[in-house]
Amino acid sequence: MGSHEDERLLLEDGLLQDEGIGLYTGDGSVDIKGNPVLKQNTGNWRACPFILGTECCERLAYYGIATNLVTYLTSKLHKGNVAAARNVTTWQGTCSLTPLIGAVLADAYWGRYWTIAVFSTIYFLGMCTLTLSATLPALIPPECVGSSCPTASTSQYAVFFFGLYLIALGTGGIKPCVSSFGADQFDDTDARERVKKGSFFNWFYFSINIGALISSSFIVYIQDNAGWGLGFGIPALFMAVAIASFFSGTPLYRFQRPGGSPLTRMCQVLVASFRKWNLNVPEDSSLLYETQDKVSAIEGSRKLEHSDELKCLDKAAVISEAEVKTGEFSNLWRLCTVTQVEEFKILIRMFPIWATGIVFSAVYAQMSTMFVEQGTMMDTSIGSFTIPPASLSSVDVISVIFWIPIYDRFIVPIARRFTGKERGFSELQRMGIGLFLSVLCMSAAAVVEIYRLHIANEFDLVDKEVAVPISIFWQVPQYFLLGAAEIFTLIGQLEFFYNQSPDAMRSLCSALSLLTNALGNYLSSFILTVVTYLTTQGGKSGWIPDNLNSGHLDYYFWLLAGLSFINMVVYMNDGSGVHTGDGSVDSKGRPALKNKTGQWKACSFVLGTFFCERLAFYGISTNLVNYLLDTLHEGTVDAATAITNWKGTCYLTPLIGAIIADTYWGRYWTIAGFTIVYLIGMCTLTLSASVPALEPAACVNSVYPEATTAQYAVFITGLYLIALGTGGIKPCIWPFGADQFDDSDSQERVKKGSYFNWFYFSQNIGAIIASSLLVWIQDDVGWGIGFGIPTAVMGVCIVSLFLGTSLYRFQKPGGSPLTRICQVLVASYHKRNLKVSEDDSLLYETQDISSAIAGSRKLEHSNELRCLDKAALVSDAEIECGDFSNPWRLCTVTQVEELKILIRMFPIWATGIVFSAVYAQMSTLFVVQGKLMDRVVASVTIPAASLSFFNFVSVIIWVPIYNTIIIPIVKKYTGEERGFSQLERMGIVLFVSVLCMSASAVVEIKRLQLVRELGLVDEEVAVPLSILWQIPQYFLLGAAEVFNFIGQHEFLYEQAPDAMRSLCSALSLLTNSLGSYLSSLILTIVTSITTKGGSPGWIPDNLNEGHLDYFYWLLAGLSLLNLLVYMIFSRRYKEKKAA
């Protein structure tokens, strides 16, 4: 299920404001006198108590009639079970159908306030009439005598049904308006009030159920035990209280002006589009007709942005040549605005979602019909107290009252952490959960009925119309589940239809929401009629006879459960017209559907792919230094240098993959192609460690035979094929995962922030397995199987990638980023003598909404590096010839801004190099240091390389802590969506890296102190200092990773030009490459300088006679200097802005 959050993108985004910035509301609301309203004096929760009080009393009155109505019809008017159920559902259906009348009046003429006021008076008259019909003896049929029950006279029926349908008419002006009127009290342009509005819908429904609870318990008891006159009179009195409550809040209310008839506007769109059926819709939507004012031509409505769906309706907004000639644009039956057309499109897009609510309403209708009739045939006594069967609906109400605060206070905050949505779930997700619960509800009802019929059979009560000795409390689960389903479906429906409806059609859409109740009741009546007709053929009693003991009500409940399940499946496939707003496509090149592609459903395969690839990579790299030392007999410095060079290459090859992805293949096919190369490299490396002819001879005493040229060749070929393979995966895999979240959708954008954290989490799950299990296998079982397992996992990685293909969203490659960069440099050089205008609107940019670069949005002009703006200057020669198509002489503003962004990012990017040099020590000198420490823990020898396990454990611990604890706390102080900005996050890590190297130096000082004390300086043996002393340096490095690499990935993805994201991803990885090369360079320089004059140097093969601590202090100093440089440039950095 997707989100409809972007159904109607408002053009007036500039109106969105924080609470307190404006004195007046920004949504056009007025007070009772028609004046603009002050925020502090009106609306919000100060006005809502009166509305909630009105709703509570009105619902108490409504349910005071509806809850036990079936009992009144059967016991007083002497109707049969089916006839009574049919009458109730038909009346309830009408109660949900009349809101269409009230909605049209409210939206077109009276406004919501006056519609509620007028119709509540009609409602009250209906309540009084109904009370009289149940009070005056002349209006009540005689009581039954034995089995003889006199039917009501025509006049008695007339008065009863007149009052009943006056109530139905009265509720038609209240139901579609009161929830919308309450929501109107929250300014839709104020972010804080918008969040409060989400809670309003929950508490609105809460107030409904407080009224319903009183009705289904207290009022029902009075009706059954004190009399129907009093039982209907009390609800009539509460209706009077509802009217008084409503008028009491008048000075505090905010009012929305009616926008004219929504039905007329819809007809105008249809007529205008039909009249212009032979005209073509222009590709450039800016050519469609719209008013030039900031506000919409429709009273009480904001402008709506054009959408690319249902383009046939766009013909209504096409300006014909005749209209251009005459200048006549005022005939709405011939020419409509884009906003008017989009209103109609919204209703059409909402239709499938709306339709799936009908079956749920049919299920809900059973609560006041078949659930009650089922309850009458069960044991309703508790001791000496008899429970009216209709009172069991109080359990449904209690369920709602129980679930609303639980949902609002607990479920929403928990769900928000995973979904990133303000309200925890989107309205669509919420409704979907409710539909699932409705299946469970009907299944529970069927199971109870099966058990009831079983007891009836055992006690030989099948032919007797008497209650079965099974407690009515067996019905509690079905009522409770129905209450839970209400919380999700009906409240989600209220919120969905208010938020997604056009501004000037909110009462109508609210009525459409209620219309599902009407149609659901009619559907229930229809199903009852069909079932009764089919099952009573041949003189059978049928599924639902008057004596339920001889029927099969369970079959009816199973039928509804089946229909509910089918309905849920259909619902999950609804919303197929909702596409992403970032230009992504599906695997077949069509615009990607939000509900069927991307988000976490696709990311699970991306994360699985990355997890397997990282397990394979770390399965090779973590212990590679020991393979070089022990099997290939390399020296310490040579082994460390070989690994850092290889790792540097692993981070350099991503430039190749990035250019191929951004220019030609796209990210998906680049990943697919390079994983094959990667797998071939893994197989080659496994062979080099498995085939005896490809390994050097084992050591004999102190003689270490060198590997032959052929042996080195096979090993290095496999190793560097892996380096090439990873070059197509690393720069593409995390941007490809981020592509699964629509950047134009605020809710998906928040999820994307969490994605980067869990992406890194999945990497470290793979790494932790590699650094523990695989390292142990390599050291204790053998290198052949130790490399073979990562190879098999790499095969799984490829399978995982391809399995998710149908769910992925794909971004089209935008052409060579390097070519575009060169074009800007060449064009600006060509026009070096031209002067850049102060008016940046004179710089060249395409007139279309989208950028000229495929897969990219337009970028806003910035005032930095203005020398590059010369590339976008339109020269006199270009104006004369009208040729603007040569990008080597004229570039767009967006193309120029792409290069500016890369230049601005450069200093931030460069400071990552020193951190990567620090990080490179984990798989080199940290391991070498560990080998000369006591590795025995509780009789188990720990491989030195396995200490990297604690680095990965640190990451795995810190990612959820950061996501669920640190972010919410920091967000309160910074106001940032993600707690820290990416730059702040990266700055923290550079400080932690200083601490990491300092901790490493302190451990080495302690180790060397023991070396001297024990006289082990000249012996290459382990020192009796536990290897667990290394844990702090690994743990600090893990914490640093969480802040730096994740922050860096997020920063480079968010700030990168849209069509250069793989390239910028590769630049992120290039810091690792250059960091590894820097580490090799520092090692070489330090070794060269410190070994002069025959000295062993800081890092000899025997570390006991060296000074590795000095090397660590050197890196700590460089890290501190790097932090200071970073702080200077990060303060000056300006973020990119989409136009």
# chains A, B, ... in the order shown; residues from 1 in each chain; ligands from 1
$ residues_around --residues "Asp184 (chain A)" --least-positions-apart "4" --cutoff "10 Å" --atoms "only C-alpha atoms" --output "PyMOL selection string"
chain A and resi 27+29+43-44+48+112+178-180+188+197+253-256+498+506
$ residues_around --residues "Met922 (chain A)" --least-positions-apart "4" --cutoff "10 Å" --atoms "only C-alpha atoms" --output "ChimeraX atom specification"
/A:622,917-918,926-928,945,947-948,951,1033-1034,1037
$ closest_residue --among "A:Ile729, A:Arg349, A:Gly673, A:Leu560" --to "Glu613 (chain A)" --atoms "only C-alpha atoms"
A:Ile729
$ atom_distance --atom1 "CA of Ser1026 (chain A)" --atom2 "CA of Leu1014 (chain A)"
15.2 Å
$ select_by_dssp --residues "region 306-453 of chain A" --states "strand (DSSP E)" --output "PyMOL selection string"
chain A and resi 378-379+381-382+385-386
$ atom_distance --atom1 "CA of Ala689 (chain A)" --atom2 "CA of Ala770 (chain A)"
17.2 Å
$ select_by_dssp --residues "region 890-1029 of chain A" --states "alpha helix (DSSP H)" --output "ChimeraX atom specification"
/A:893-910,912-919,925-931,948-961,967-974,982-1013
$ residues_around --residues "Leu523 (chain A)" --least-positions-apart "3" --cutoff "9 Å" --atoms "only C-alpha atoms" --output "PDB file with N, CA and C atoms, in the first residue's frame"
ATOM      1  N   THR A  89     -30.857  -2.159   8.605  1.00  0.00           N
ATOM      2  CA  THR A  89     -29.739  -1.878   7.701  1.00  0.00           C
ATOM      3  C   THR A  89     -30.136  -0.884   6.609  1.00  0.00           C
ATOM      4  N   ILE A 358     -16.718  -0.509   1.442  1.00  0.00           N
ATOM      5  CA  ILE A 358     -18.114  -0.956   1.456  1.00  0.00           C
ATOM      6  C   ILE A 358     -18.256  -2.304   2.158  1.00  0.00           C
ATOM      7  N   VAL A 359     -17.370  -3.243   1.836  1.00  0.00           N
ATOM      8  CA  VAL A 359     -17.452  -4.565   2.472  1.00  0.00           C
ATOM      9  C   VAL A 359     -17.188  -4.457   3.972  1.00  0.00           C
ATOM     10  N   SER A 361     -17.976  -1.981   5.834  1.00  0.00           N
ATOM     11  CA  SER A 361     -19.210  -1.459   6.424  1.00  0.00           C
ATOM     12  C   SER A 361     -20.282  -2.542   6.524  1.00  0.00           C
ATOM     13  N   ALA A 362     -20.289  -3.474   5.572  1.00  0.00           N
ATOM     14  CA  ALA A 362     -21.229  -4.600   5.646  1.00  0.00           C
ATOM     15  C   ALA A 362     -20.908  -5.469   6.864  1.00  0.00           C
ATOM     16  N   ALA A 518     -23.465   3.524   4.031  1.00  0.00           N
ATOM     17  CA  ALA A 518     -24.774   3.310   3.418  1.00  0.00           C
ATOM     18  C   ALA A 518     -24.741   2.098   2.506  1.00  0.00           C
ATOM     19  N   LEU A 519     -23.754   2.082   1.614  1.00  0.00           N
ATOM     20  CA  LEU A 519     -23.676   0.984   0.650  1.00  0.00           C
ATOM     21  C   LEU A 519     -23.347  -0.333   1.345  1.00  0.00           C
ATOM     22  N   GLY A 520     -22.571  -0.248   2.447  1.00  0.00           N
ATOM     23  CA  GLY A 520     -22.280  -1.446   3.222  1.00  0.00           C
ATOM     24  C   GLY A 520     -23.532  -2.009   3.859  1.00  0.00           C
ATOM     25  N   PHE A 526     -28.719  -6.786   0.965  1.00  0.00           N
ATOM     26  CA  PHE A 526     -28.741  -7.538  -0.290  1.00  0.00           C
ATOM     27  C   PHE A 526     -28.254  -8.973  -0.072  1.00  0.00           C
ATOM     28  N   ILE A 527     -27.142  -9.107   0.665  1.00  0.00           N
ATOM     29  CA  ILE A 527     -26.593 -10.444   0.935  1.00  0.00           C
ATOM     30  C   ILE A 527     -27.595 -11.271   1.738  1.00  0.00           C
ATOM     31  N   LEU A 528     -28.221 -10.613   2.729  1.00  0.00           N
ATOM     32  CA  LEU A 528     -29.240 -11.302   3.531  1.00  0.00           C
ATOM     33  C   LEU A 528     -30.385 -11.814   2.650  1.00  0.00           C
TER      34      LEU A 528
END
$ closest_residue --among "A:Leu679, A:Ala47, A:Leu514, A:Ala236" --to "Phe186 (chain A)" --atoms "only C-alpha atoms"
A:Ala47
$ residues_around --residues "region 200-210 of chain A" --least-positions-apart "6" --cutoff "10 Å" --atoms "only C-alpha atoms" --output "PyMOL selection string"
chain A and resi 44-45+48-49+51-60+63+178-180+182-183+185-186+194+216+394+396-405+407-408+483+486-488+490-495+498
$ residues_around --residues "region 996-1007 of chain A" --least-positions-apart "3" --cutoff "10 Å" --atoms "only C-alpha atoms" --output "VMD selection string"
chain A and resid 918 to 919 921 926 929 to 930 932 to 933 990 to 993 1010 to 1012 1022 to 1027 1029 to 1040 1103 to 1104 1107 to 1117 1119
$ residues_around --residues "region 755-765 of chain A" --least-positions-apart "4" --cutoff "10 Å" --atoms "only C-alpha atoms" --output "JSON, numbers by chain"
{"A": [418, 599, 600, 603, 604, 606, 607, 608, 609, 610, 611, 612, 613, 614, 615, 618, 733, 734, 735, 737, 738, 740, 741, 749, 750, 751, 769, 770, 771, 949, 951, 952, 953, 954, 955, 956, 957, 958, 959, 960, 962, 963, 1038, 1041, 1042, 1043, 1045, 1046, 1047, 1048, 1049, 1050]}
$ residues_around --residues "Phe436 (chain A)" --least-positions-apart "5" --cutoff "8 Å" --atoms "only C-alpha atoms" --output "list in words"
Ala485, Ser564, Phe565 and Met568 of chain A
$ closest_residue --among "A:Ile1128, A:Leu97, A:Ala244, A:Ile234" --to "Ser120 (chain A)" --atoms "only C-alpha atoms"
A:Ala244
$ closest_atom_pairs --of "region 74-165 of chain A" --to "region 371-383 of chain A" --cutoff "12 Å" --atoms "only C-alpha atoms" --output "CSV"
residue,atom,partner,partner_atom,distance
A:Thr74,CA,A:Glu373,CA,10.2
A:Ser75,CA,A:Thr376,CA,12.0
A:Gly80,CA,A:Glu373,CA,11.0
A:Asn81,CA,A:Glu373,CA,7.6
A:Val82,CA,A:Glu373,CA,10.0
A:Ala84,CA,A:Glu373,CA,10.2
A:Ala85,CA,A:Glu373,CA,9.0
$ write_last_selection --atoms "C-alpha atoms" --output "mmCIF file, in the first residue's frame"
data_model
loop_
_atom_site.group_PDB
_atom_site.id
_atom_site.type_symbol
_atom_site.label_atom_id
_atom_site.label_comp_id
_atom_site.auth_asym_id
_atom_site.auth_seq_id
_atom_site.Cartn_x
_atom_site.Cartn_y
_atom_site.Cartn_z
ATOM 1 C CA THR A 74 -39.118 -7.581 16.718
ATOM 2 C CA SER A 75 -40.598 -7.172 20.230
ATOM 3 C CA GLY A 80 -39.460 -11.200 11.882
ATOM 4 C CA ASN A 81 -35.658 -11.530 12.220
ATOM 5 C CA VAL A 82 -34.871 -11.027 8.533
ATOM 6 C CA ALA A 84 -36.189 -6.427 11.221
ATOM 7 C CA ALA A 85 -32.529 -6.762 10.166
#
$ atom_distance --atom1 "CA of Gly718 (chain A)" --atom2 "CA of Ile620 (chain A)"
11.0 Å
